[in-house]
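Participant: Below you'll find upload-v3.txt; it's compact mmCIF, C-alpha atoms.
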# COMPACT_ATOMS: atom_id res chain seq x y z
CA MET E 1 248.67 213.54 -52.88
CA SER E 2 247.80 216.83 -54.46
CA VAL E 3 249.71 220.05 -54.03
CA VAL E 4 246.62 221.72 -52.54
CA ILE E 5 246.37 219.24 -49.66
CA GLN E 6 250.14 219.30 -49.11
CA THR E 7 250.24 223.08 -48.86
CA GLY E 8 247.15 223.17 -46.65
CA ALA E 9 248.59 220.55 -44.33
CA ASP E 10 251.89 222.42 -44.09
CA ILE E 11 250.13 225.68 -43.20
CA ALA E 12 247.95 223.88 -40.65
CA LEU E 13 251.01 222.20 -39.08
CA ALA E 14 252.79 225.55 -38.79
CA MET E 15 249.73 227.09 -37.10
CA LEU E 16 249.41 224.17 -34.69
CA ALA E 17 253.12 224.41 -33.86
CA LEU E 18 252.63 228.09 -33.03
CA ALA E 19 249.58 227.20 -30.91
CA MET E 20 251.66 224.66 -29.00
CA LEU E 21 254.35 227.29 -28.39
CA LEU E 22 251.69 229.59 -26.92
CA CYS E 23 250.59 226.74 -24.62
CA LEU E 24 254.22 226.24 -23.62
CA PHE E 25 254.42 229.94 -22.72
CA ARG E 26 251.43 229.58 -20.40
CA LEU E 27 252.83 226.33 -19.01
CA LEU E 28 256.09 228.00 -18.02
CA ARG E 29 254.56 231.30 -16.96
CA GLY E 30 251.80 229.96 -14.72
CA PRO E 31 251.08 231.75 -12.43
CA SER E 32 248.89 229.23 -10.63
CA MET E 33 249.01 225.45 -10.69
CA ALA E 34 245.61 225.34 -12.40
CA ASP E 35 246.94 227.50 -15.25
CA ARG E 36 249.69 224.99 -15.87
CA VAL E 37 247.26 222.09 -15.86
CA LEU E 38 245.05 223.96 -18.31
CA ALA E 39 248.06 224.65 -20.51
CA LEU E 40 249.00 220.95 -20.51
CA ASP E 41 245.42 220.05 -21.37
CA THR E 42 245.41 222.42 -24.34
CA LEU E 43 248.86 221.20 -25.36
CA TYR E 44 247.75 217.60 -25.70
CA ILE E 45 244.66 218.57 -27.66
CA ASN E 46 246.80 220.63 -30.04
CA SER E 47 249.25 217.78 -30.45
CA LEU E 48 246.32 215.47 -31.19
CA ALA E 49 245.19 217.81 -33.98
CA GLY E 50 248.80 217.94 -35.19
CA LEU E 51 248.97 214.15 -35.39
CA MET E 52 245.78 214.13 -37.45
CA VAL E 53 247.20 216.64 -39.94
CA ALA E 54 250.46 214.70 -40.08
CA GLY E 55 248.46 211.55 -40.84
CA VAL E 56 246.91 213.27 -43.84
CA ARG E 57 250.17 214.92 -44.92
CA LEU E 58 252.12 211.65 -44.87
CA ASP E 59 249.09 209.65 -46.07
CA ASP E 60 249.42 207.18 -43.21
CA PRO E 61 246.39 206.08 -41.13
CA THR E 62 248.67 204.71 -38.39
CA PHE E 63 248.81 208.21 -36.92
CA PHE E 64 245.17 207.99 -35.88
CA ASP E 65 245.89 205.11 -33.51
CA ALA E 66 248.48 207.34 -31.86
CA ALA E 67 245.86 210.11 -31.68
CA ILE E 68 243.45 207.79 -29.84
CA VAL E 69 246.15 206.88 -27.31
CA ILE E 70 247.06 210.54 -26.74
CA GLY E 71 243.39 211.39 -26.23
CA LEU E 72 242.97 208.64 -23.64
CA LEU E 73 246.14 209.38 -21.69
CA GLY E 74 245.73 213.16 -21.82
CA PHE E 75 242.24 213.01 -20.38
CA ILE E 76 243.28 210.73 -17.53
CA GLY E 77 246.25 212.99 -16.82
CA THR E 78 244.10 216.12 -16.61
CA VAL E 79 241.58 214.40 -14.35
CA ALA E 80 244.39 213.21 -12.07
CA PHE E 81 245.83 216.75 -11.86
CA ALA E 82 242.41 218.23 -11.13
CA LYS E 83 241.84 215.66 -8.40
CA TYR E 84 245.21 216.55 -6.94
CA LEU E 85 244.26 220.24 -6.90
CA LEU E 86 240.99 219.37 -5.17
CA ARG E 87 242.75 217.28 -2.57
CA GLY E 88 245.15 220.07 -1.67
CA ASP E 89 242.24 222.05 -0.30
CA ILE E 90 241.00 219.51 2.22
CA ILE E 91 241.87 220.63 5.74
CA GLU E 92 242.62 217.56 7.75
CA MET Y 1 216.23 188.03 -25.24
CA ARG Y 2 215.76 190.73 -22.65
CA ARG Y 3 217.66 188.65 -20.11
CA LEU Y 4 220.51 187.89 -22.48
CA ILE Y 5 221.00 191.49 -23.64
CA PRO Y 6 219.73 193.80 -20.91
CA TYR Y 7 221.36 196.90 -22.42
CA PRO Y 8 220.84 196.68 -26.20
CA LEU Y 9 221.95 200.27 -26.91
CA ARG Y 10 225.24 199.89 -25.03
CA SER Y 11 225.89 196.49 -26.62
CA LEU Y 12 225.40 197.95 -30.10
CA ALA Y 13 227.65 200.92 -29.33
CA LEU Y 14 230.41 198.62 -28.08
CA LEU Y 15 230.14 196.42 -31.17
CA ALA Y 16 230.33 199.49 -33.43
CA CYS Y 17 233.38 200.82 -31.54
CA TRP Y 18 235.08 197.42 -31.83
CA LEU Y 19 234.55 197.20 -35.59
CA ILE Y 20 235.67 200.81 -36.16
CA LEU Y 21 238.73 200.39 -33.97
CA ASN Y 22 239.80 197.29 -35.89
CA GLN Y 23 238.89 198.80 -39.27
CA THR Y 24 237.34 195.57 -40.47
CA LEU Y 25 234.05 193.84 -41.19
CA HIS Y 26 235.48 190.32 -40.94
CA PRO Y 27 232.99 187.81 -39.44
CA ALA Y 28 235.43 186.86 -36.68
CA HIS Y 29 235.48 190.45 -35.49
CA TRP Y 30 231.68 190.62 -35.64
CA LEU Y 31 231.60 187.58 -33.34
CA LEU Y 32 234.22 188.91 -30.92
CA GLY Y 33 232.64 192.37 -30.85
CA ALA Y 34 229.21 190.88 -30.20
CA LEU Y 35 230.59 188.78 -27.34
CA LEU Y 36 232.22 191.86 -25.79
CA GLY Y 37 229.05 193.86 -26.34
CA ILE Y 38 226.98 191.26 -24.50
CA ALA Y 39 229.47 190.57 -21.71
CA LEU Y 40 230.69 194.07 -20.81
CA PRO Y 41 227.53 196.14 -20.07
CA PRO Y 42 226.24 193.87 -17.28
CA ALA Y 43 229.76 193.76 -15.81
CA LEU Y 44 229.90 197.56 -15.79
CA SER Y 45 226.32 198.10 -14.63
CA ALA Y 46 227.54 198.52 -11.05
CA LEU Y 47 229.03 201.87 -12.13
CA THR Y 48 225.74 203.33 -13.32
CA PRO Y 49 223.22 202.89 -10.55
CA ARG Y 50 220.11 204.07 -12.37
CA VAL Y 51 219.14 203.02 -15.87
CA THR Y 52 217.51 205.68 -17.99
CA THR Y 53 215.46 204.95 -21.02
CA LEU Y 54 215.90 207.41 -23.83
CA ARG Y 55 212.84 208.55 -25.73
CA ARG Y 56 211.97 210.82 -28.60
CA ALA Y 57 214.78 209.93 -31.03
CA GLY Y 58 213.58 212.58 -33.50
CA LEU Y 59 213.74 215.31 -30.89
CA ALA Y 60 217.25 214.17 -29.93
CA LEU Y 61 218.37 214.51 -33.57
CA ALA Y 62 216.84 218.00 -33.80
CA LEU Y 63 218.64 218.93 -30.57
CA LEU Y 64 221.92 217.66 -32.05
CA GLY Y 65 221.40 219.88 -35.09
CA VAL Y 66 220.73 222.98 -32.96
CA PHE Y 67 223.76 222.08 -30.83
CA ILE Y 68 226.17 221.81 -33.78
CA LYS Y 69 224.90 225.08 -35.25
CA ASP Y 70 225.35 226.79 -31.86
CA ILE Y 71 228.91 225.47 -31.56
CA VAL Y 72 229.91 226.99 -34.91
CA VAL Y 73 228.19 230.34 -34.31
CA ALA Y 74 229.49 230.69 -30.74
CA ASN Y 75 233.02 229.73 -31.82
CA PHE Y 76 233.21 232.64 -34.24
CA GLU Y 77 231.83 234.95 -31.55
CA VAL Y 78 234.44 233.90 -28.98
CA ALA Y 79 237.24 234.06 -31.58
CA ARG Y 80 236.24 237.66 -32.33
CA LEU Y 81 236.30 238.50 -28.61
CA ILE Y 82 239.72 236.89 -28.06
CA LEU Y 83 241.27 238.74 -31.00
CA GLY Y 84 239.68 242.03 -29.95
CA PRO Y 85 240.64 244.19 -26.96
CA GLU Y 86 240.37 242.39 -23.65
CA SER Y 87 238.53 245.25 -21.98
CA ALA Y 88 235.48 244.46 -24.14
CA ILE Y 89 235.02 241.08 -22.41
CA ARG Y 90 232.66 240.99 -19.44
CA PRO Y 91 232.87 237.54 -17.85
CA ARG Y 92 230.74 236.54 -14.89
CA PHE Y 93 229.26 233.61 -13.02
CA VAL Y 94 225.57 232.86 -13.42
CA TRP Y 95 223.45 230.43 -11.42
CA VAL Y 96 221.05 228.64 -13.75
CA PRO Y 97 217.98 226.99 -12.16
CA LEU Y 98 217.50 223.38 -13.23
CA GLY Y 99 214.10 221.95 -14.02
CA ILE Y 100 215.52 218.62 -15.14
CA THR Y 101 215.93 216.03 -12.39
CA ASN Y 102 217.39 213.02 -14.20
CA GLU Y 103 221.06 212.67 -13.29
CA GLN Y 104 222.23 211.59 -16.73
CA GLY Y 105 220.19 214.43 -18.21
CA ILE Y 106 221.95 216.96 -15.98
CA ALA Y 107 225.32 215.51 -16.98
CA VAL Y 108 224.48 215.85 -20.68
CA LEU Y 109 223.21 219.39 -20.15
CA ALA Y 110 226.39 220.40 -18.31
CA ALA Y 111 228.55 218.87 -21.07
CA MET Y 112 226.55 220.68 -23.76
CA ILE Y 113 226.91 224.01 -21.96
CA THR Y 114 230.68 223.51 -21.80
CA MET Y 115 230.96 222.41 -25.43
CA THR Y 116 229.35 225.58 -26.73
CA PRO Y 117 232.19 228.08 -26.36
CA GLY Y 118 231.33 231.15 -24.34
CA THR Y 119 229.66 229.24 -21.55
CA LEU Y 120 231.20 226.73 -19.16
CA SER Y 121 229.48 224.68 -16.49
CA ALA Y 122 231.54 225.15 -13.34
CA ASP Y 123 229.70 223.50 -10.47
CA ILE Y 124 226.41 222.08 -9.37
CA ALA Y 125 224.51 222.84 -6.16
CA PRO Y 126 224.43 219.96 -3.65
CA ASP Y 127 220.67 219.61 -4.12
CA ARG Y 128 221.13 219.47 -7.94
CA ARG Y 129 218.68 222.28 -8.58
CA TRP Y 130 221.15 224.97 -9.62
CA LEU Y 131 223.99 224.83 -12.12
CA LEU Y 132 226.84 227.34 -11.83
CA VAL Y 133 227.75 228.56 -15.32
CA HIS Y 134 230.66 230.82 -16.20
CA ALA Y 135 229.87 233.02 -19.18
CA PHE Y 136 232.65 234.54 -21.28
CA ASN Y 137 230.80 237.67 -22.26
CA VAL Y 138 227.30 238.35 -21.00
CA ASP Y 139 225.25 241.53 -20.76
CA ASP Y 140 221.86 240.11 -19.93
CA GLU Y 141 221.87 237.39 -17.31
CA ALA Y 142 218.18 236.54 -17.70
CA ALA Y 143 218.53 236.16 -21.47
CA LEU Y 144 221.37 233.64 -21.03
CA ILE Y 145 219.36 231.61 -18.52
CA GLY Y 146 216.31 231.67 -20.78
CA ASP Y 147 218.42 230.63 -23.74
CA ILE Y 148 219.87 227.61 -21.95
CA GLN Y 149 216.46 226.53 -20.68
CA GLN Y 150 214.74 227.03 -24.00
CA ARG Y 151 217.33 225.53 -26.31
CA TYR Y 152 218.80 222.64 -24.32
CA GLU Y 153 217.02 221.93 -21.09
CA ARG Y 154 213.48 221.60 -22.38
CA PRO Y 155 214.32 218.99 -25.08
CA LEU Y 156 216.63 217.12 -22.68
CA ARG Y 157 213.84 216.91 -20.12
CA GLU Y 158 211.67 215.12 -22.67
CA ILE Y 159 214.47 212.81 -23.87
CA PHE Y 160 215.64 211.71 -20.40
CA THR Y 161 212.60 210.54 -18.50
CA MET H 1 245.06 209.19 -56.38
CA ASN H 2 242.40 210.51 -58.72
CA SER H 3 240.02 212.26 -56.34
CA ALA H 4 238.37 215.36 -57.70
CA ALA H 5 240.11 218.69 -57.25
CA TRP H 6 237.32 220.19 -55.20
CA VAL H 7 237.64 217.45 -52.59
CA ASP H 8 241.28 218.48 -52.16
CA TRP H 9 240.21 222.07 -51.63
CA ILE H 10 237.65 221.04 -48.99
CA VAL H 11 240.23 218.93 -47.13
CA ALA H 12 242.80 221.74 -47.21
CA ALA H 13 240.26 224.37 -46.11
CA LEU H 14 238.98 222.22 -43.23
CA MET H 15 242.54 221.57 -42.02
CA VAL H 16 243.60 225.22 -42.16
CA GLY H 17 240.30 226.38 -40.63
CA GLY H 18 240.50 223.88 -37.78
CA ALA H 19 244.13 224.75 -37.10
CA ALA H 20 243.22 228.45 -37.12
CA PHE H 21 240.61 227.90 -34.41
CA ALA H 22 243.06 225.87 -32.34
CA LEU H 23 245.58 228.69 -32.75
CA VAL H 24 243.06 231.35 -31.66
CA GLY H 25 242.11 229.23 -28.64
CA SER H 26 245.75 228.87 -27.60
CA TYR H 27 246.33 232.57 -28.25
CA GLY H 28 243.49 233.29 -25.84
CA LEU H 29 245.11 230.98 -23.32
CA ALA H 30 248.36 232.94 -23.53
CA LYS H 31 246.87 236.44 -23.82
CA LEU H 32 243.95 236.70 -21.40
CA SER H 33 244.72 237.90 -17.89
CA ASP H 34 242.35 235.91 -15.74
CA PHE H 35 242.07 232.14 -15.22
CA TYR H 36 238.32 231.98 -15.79
CA LYS H 37 238.64 233.89 -19.05
CA ARG H 38 241.50 231.65 -20.14
CA LEU H 39 239.38 228.55 -19.63
CA HIS H 40 237.25 229.50 -22.62
CA GLY H 41 240.16 229.34 -25.08
CA PRO H 42 240.87 225.58 -24.80
CA THR H 43 237.21 224.51 -24.88
CA LYS H 44 237.01 226.21 -28.25
CA ALA H 45 240.20 224.59 -29.53
CA THR H 46 238.69 221.18 -28.84
CA THR H 47 235.31 221.73 -30.41
CA LEU H 48 235.80 223.46 -33.71
CA GLY H 49 239.59 223.12 -34.03
CA VAL H 50 239.88 219.38 -33.60
CA GLY H 51 236.45 218.95 -35.21
CA GLY H 52 237.63 220.63 -38.41
CA VAL H 53 240.86 218.67 -38.59
CA LEU H 54 239.03 215.39 -37.92
CA LEU H 55 236.50 216.13 -40.62
CA ALA H 56 239.35 216.87 -43.03
CA ALA H 57 241.03 213.56 -42.25
CA CYS H 58 237.69 211.78 -42.59
CA VAL H 59 236.96 213.30 -46.01
CA PHE H 60 240.51 212.63 -47.18
CA PHE H 61 240.59 208.93 -46.32
CA ILE H 62 237.04 208.25 -47.45
CA SER H 63 237.67 209.94 -50.81
CA ALA H 64 240.84 207.87 -51.13
CA GLY H 65 238.72 204.80 -50.41
CA ARG H 66 240.74 203.62 -47.42
CA GLY H 67 238.74 203.60 -44.20
CA GLY H 68 238.24 207.02 -42.68
CA THR H 69 236.01 205.92 -39.83
CA GLU H 70 238.60 205.73 -37.05
CA GLN H 71 238.63 209.50 -36.79
CA ILE H 72 234.97 209.53 -35.75
CA LEU H 73 235.96 207.48 -32.72
CA VAL H 74 238.66 210.01 -31.77
CA ALA H 75 236.15 212.86 -32.12
CA LEU H 76 233.52 211.04 -30.08
CA PHE H 77 235.94 210.28 -27.30
CA LEU H 78 237.40 213.79 -27.21
CA PHE H 79 233.97 215.42 -27.22
CA ILE H 80 232.86 213.27 -24.29
CA THR H 81 235.99 213.85 -22.21
CA ALA H 82 236.75 217.54 -22.88
CA PRO H 83 233.79 218.93 -20.88
CA VAL H 84 234.54 216.57 -18.00
CA SER H 85 238.15 217.73 -17.66
CA ALA H 86 237.15 221.40 -17.97
CA HIS H 87 234.43 220.95 -15.35
CA LEU H 88 236.83 219.24 -12.94
CA LEU H 89 239.40 222.01 -13.37
CA VAL H 90 236.93 224.81 -12.57
CA LYS H 91 235.60 222.82 -9.65
CA ALA H 92 239.12 222.43 -8.29
CA VAL H 93 239.94 226.13 -8.73
CA LEU H 94 236.64 227.22 -7.17
CA SER H 95 237.30 225.06 -4.14
CA LEU H 96 240.79 226.55 -3.83
CA ASN H 97 239.57 230.17 -4.15
CA ALA H 98 236.26 230.09 -2.32
CA ALA H 99 235.95 233.88 -2.65
CA ASP H 100 235.46 233.61 -6.42
CA ARG H 101 232.40 231.45 -6.00
CA PRO H 102 229.20 233.50 -6.03
CA PRO H 103 226.69 232.68 -3.30
CA GLN H 104 223.95 230.30 -4.31
CA PRO H 105 220.66 232.14 -4.81
CA PRO H 106 218.01 231.61 -2.13
CA ASP H 107 215.75 228.69 -2.88
CA ASP H 108 212.51 230.64 -3.25
CA GLY H 109 211.46 228.92 -6.45
CA GLN H 110 212.16 232.07 -8.45
CA GLY H 111 212.81 231.22 -12.07
CA ARG H 112 211.92 227.62 -11.35
CA PRO H 113 209.54 226.05 -13.81
Have the structure of the file written as structure tokens, please.

Facilitator:
Amino acid sequence: MSVVIQTGADIALAMLALAMLLCLFRLLRGPSMADRVLALDTLYINSLAGLMVAGVRLDDPTFFDAAIVIGLLGFIGTVAFAKYLLRGDIIE
Amino acid sequence: MRRLIPYPLRSLALLACWLILNQTLHPAHWLLGALLGIALPPALSALTPRVTTLRRAGLALALLGVFIKDIVVANFEVARLILGPESAIRPRFVWVPLGITNEQGIAVLAAMITMTPGTLSADIAPDRRWLLVHAFNVDDEAALIGDIQQRYERPLREIFT
Amino acid sequence: MNSAAWVDWIVAALMVGGAAFALVGSYGLAKLSDFYKRLHGPTKATTLGVGGVLLAACVFFISAGRGGTEQILVALFLFITAPVSAHLLVKAVLSLNAADRPPQPPDDGQGRP
């Protein structure tokens, strides 16, 4: 593990952490339900990128399995939320 | 052969996914992956009502190249707009007429429009002849429509027949 | 680990570049004032942001001679699903706020090939 990769990974992790904080801001702020869903969606994608960088930083390929699981679950979660938003509109 | 493996492309893709996921080239995994590749596509065929044959592999590769280049260029453009003043952004909805009729082709086109930052496919008309696209910053509506038709729709129409 | 120095630089640059795009996308999500504008931030974070980081991981593990193909699967899956979730979200919002949806143009064959 060279110093160049270590430093790069640390910088990237710091930037991704900041990105996740910005998502958290939008998640708490709203204002609409769709904004919060969008924020959650972005949050899981950022965390996925973070896991990738952590995998390189710690030199451990196990992290990529976790990334696959997060990708799968995050997508299903977003689709479920979107479906819920769609349902709320139906006048019965 | 045709009866045993009705969907050769899907079977191959499943086998490749299986080997990559297990990070191995062990013969046992080749066997298991091949079994899954043969058994799963017919079982899932009820989900995809119409089978499309893909043609023009060379054209598809060229389209992929254009697509990747567009993603990079458009990403820089949108990054510049986000970092700049918000008043400079002029977003709007645009209806894009569709010449392509194949359902899978329309799905791929919509996904490609969303993947290039700056445009986002929002909805499709019930008769599948218009695609509603939200553009991040557009001055000339006709130029955007022409761009989408020229760059993506025309090749896709030849690939999905 | 005896990989060449320039490979290290490429890996580091791809990681920082990808993270920078993810950061800009999330910044757009937090900064922009309108939902439809905000939608464009995250689609960008997925494409180039995750793409850059994935490429970095790929190069790193291939140059180290230990796999490096799993990441392609993550990228493939993410690139297939991201447009679907974005599309569903806009669809949901448009059905909630019908006034935002522009009227469909009359079907007079104008612009139709």

Participant: Quick one: pull the distance between atom CA of Ile5 of chain E and atom CA of Leu48 of chain H, Å, one decimal.

Facilitator: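 According to the coordinates, atom CA of Ile5 of chain E and atom CA of Leu48 of chain H are separated by 19.6 Å.
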
Participant: Counting only C-alpha atoms, which residue out of H:Tyr27, H:Trp6, H:Tyr36, H:Phe79 sits closest to chain E?

Facilitator: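 Closest residue, counting only C-alpha atoms: H:Tyr27.
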
Participant: Using all atoms listed in the file, find the one residue out of Y:Ile20, Y:Asn137, Y:Arg55, Y:Ser87 that sits nearest to chain H.

Facilitator: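 When distances to chain H are compared using all atoms listed in the file, the smallest one comes from Y:Ile20.
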
Participant: Have a look at atom CA of Pro31 of chain E and atom CA of Ala22 of chain H and let me know their distance in Å, one decimal.

Facilitator: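 Distance reported for this atom pair: 22.3 Å.
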
Participant: Need the neighbours of (243.9, 218.0, -9.8): which residues are at most 10 Å away, counting only C-alpha atoms, as an mmCIF file with C-alpha atoms, in the frame of the given file?

Facilitator:
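Saved result, result_39.cif, follows:
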data_model
loop_
_atom_site.group_PDB
_atom_site.id
_atom_site.type_symbol
_atom_site.label_atom_id
_atom_site.label_comp_id
_atom_site.auth_asym_id
_atom_site.auth_seq_id
_atom_site.Cartn_x
_atom_site.Cartn_y
_atom_site.Cartn_z
ATOM 1 C CA MET E 33 249.010 225.450 -10.690
ATOM 2 C CA ALA E 34 245.610 225.340 -12.400
ATOM 3 C CA VAL E 37 247.260 222.090 -15.860
ATOM 4 C CA GLY E 77 246.250 212.990 -16.820
ATOM 5 C CA THR E 78 244.100 216.120 -16.610
ATOM 6 C CA VAL E 79 241.580 214.400 -14.350
ATOM 7 C CA ALA E 80 244.390 213.210 -12.070
ATOM 8 C CA PHE E 81 245.830 216.750 -11.860
ATOM 9 C CA ALA E 82 242.410 218.230 -11.130
ATOM 10 C CA LYS E 83 241.840 215.660 -8.400
ATOM 11 C CA TYR E 84 245.210 216.550 -6.940
ATOM 12 C CA LEU E 85 244.260 220.240 -6.900
ATOM 13 C CA LEU E 86 240.990 219.370 -5.170
ATOM 14 C CA ARG E 87 242.750 217.280 -2.570
ATOM 15 C CA GLY E 88 245.150 220.070 -1.670
ATOM 16 C CA SER H 85 238.150 217.730 -17.660
ATOM 17 C CA LEU H 88 236.830 219.240 -12.940
ATOM 18 C CA LEU H 89 239.400 222.010 -13.370
ATOM 19 C CA LYS H 91 235.600 222.820 -9.650
ATOM 20 C CA ALA H 92 239.120 222.430 -8.290
ATOM 21 C CA VAL H 93 239.940 226.130 -8.730
#

Participant: Within 12 Å of segment 63-72 of chain H, which residues of segment 4-80 of chain E come that close, and what is the closest atom pair and distance in Å for each? Count only C-alpha atoms and give it as a tab-separated table.

Facilitator:
residue	atom	partner	partner_atom	distance
E:Leu48	CA	H:Gln71	CA	11.2
E:Ala49	CA	H:Gln71	CA	11.0
E:Leu51	CA	H:Gln71	CA	11.4
E:Met52	CA	H:Gln71	CA	8.5
E:Val53	CA	H:Gln71	CA	11.6
E:Gly55	CA	H:Gln71	CA	10.8
E:Val56	CA	H:Gly68	CA	10.8
E:Asp59	CA	H:Ala64	CA	9.8
E:Asp60	CA	H:Arg66	CA	10.3
E:Pro61	CA	H:Gly68	CA	8.3
E:Thr62	CA	H:Glu70	CA	10.2
E:Phe63	CA	H:Gln71	CA	10.3
E:Phe64	CA	H:Gln71	CA	6.8
E:Asp65	CA	H:Glu70	CA	8.1
E:Ala66	CA	H:Gln71	CA	11.2
E:Ala67	CA	H:Gln71	CA	8.9
E:Ile68	CA	H:Gln71	CA	8.6
E:Gly71	CA	H:Gln71	CA	11.7

Participant: Show me, as JSON, numbers by chain, every residue of chain H with an atom at most 6 Å from chain E, counting all atoms listed in the file.

Facilitator: {"H": [8, 12, 16, 19, 23, 26, 30, 42, 50, 74, 85, 88, 89, 92, 96]}

Participant: Please build the interface table for chain H against chain Y with a cut-off of 6 Å, listing for each qualifying residue the nearest atom pair and the distance in Å to one decimal; count all atoms listed in the file, order rows by chain and increasing number, and write it as JSON lines.

Facilitator:
{"residue": "H:Gly28", "atom": "CA", "partner": "Y:Ile82", "partner_atom": "CA", "distance": 5.7}
{"residue": "H:Lys44", "atom": "CA", "partner": "Y:Pro117", "partner_atom": "CA", "distance": 5.5}
{"residue": "H:Glu70", "atom": "CA", "partner": "Y:Ile20", "partner_atom": "CA", "distance": 5.8}
{"residue": "H:Pro83", "atom": "CA", "partner": "Y:Ala111", "partner_atom": "CA", "distance": 5.2}
{"residue": "H:His87", "atom": "CA", "partner": "Y:Ala122", "partner_atom": "CA", "distance": 5.5}
{"residue": "H:Val90", "atom": "CA", "partner": "Y:Ala122", "partner_atom": "CA", "distance": 5.5}
{"residue": "H:Lys91", "atom": "CA", "partner": "Y:Ala122", "partner_atom": "CA", "distance": 6.0}

Participant: Each side padded by 6 Å, which centre and which edge lengths in Å (one decimal) define the axis-aligned box around the listed atoms of segment 49-61 of chain E? Give them as AutoDock Vina command-line options.

Facilitator:
--center_x 248.7 --center_y 212.0 --center_z -40.0 --size_x 18.9 --size_y 23.9 --size_z 24.1

Participant: Take atom CA of Met15 of chain H and atom CA of Arg38 of chain H and report the distance between them in Å, one decimal.

Facilitator: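 Distance reported for this atom pair: 24.1 Å.
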
Participant: Between Y:Ile148, Y:Leu156, Y:Val138, Y:Ala143, which one has atoms that come closest to Asn102 of chain Y, using only C-alpha atoms?

Facilitator: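 Using only C-alpha atoms, Asn102 of chain Y sits closest to Y:Leu156.
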
Participant: Here is a test: counting all atoms listed in the file, which residue of Y:Ile106, Y:Leu25, Y:Ala13, Y:Thr53 is nearest to Ile38 of chain Y?

Facilitator: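 Looking at the shortest contact to Ile38 of chain Y, the residue is Y:Ala13.
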
Participant: Have a look at H:Ile10, H:Ala57, H:Ile62, H:Ala5 and name the one nearest to Ala75 of chain H; count all atoms listed in the file.

Facilitator: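 Smallest separation from Ala75 of chain H among the options: H:Ala57.
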
Participant: Quick one: everything within 10 Å of Leu40 of chain Y, counting all atoms listed in the file, minus sequence neighbours fewer than 5 positions away in the same chain. Send it as a ChimeraX atom specification.

Facilitator: /Y:7,10-11,14,35,45

Participant: Please list as a count of residues only every residue within 8 Å of Pro155 of chain Y, counting all atoms listed in the file and excluding residues in the same chain fewer than 2 positions away.

Facilitator: 9
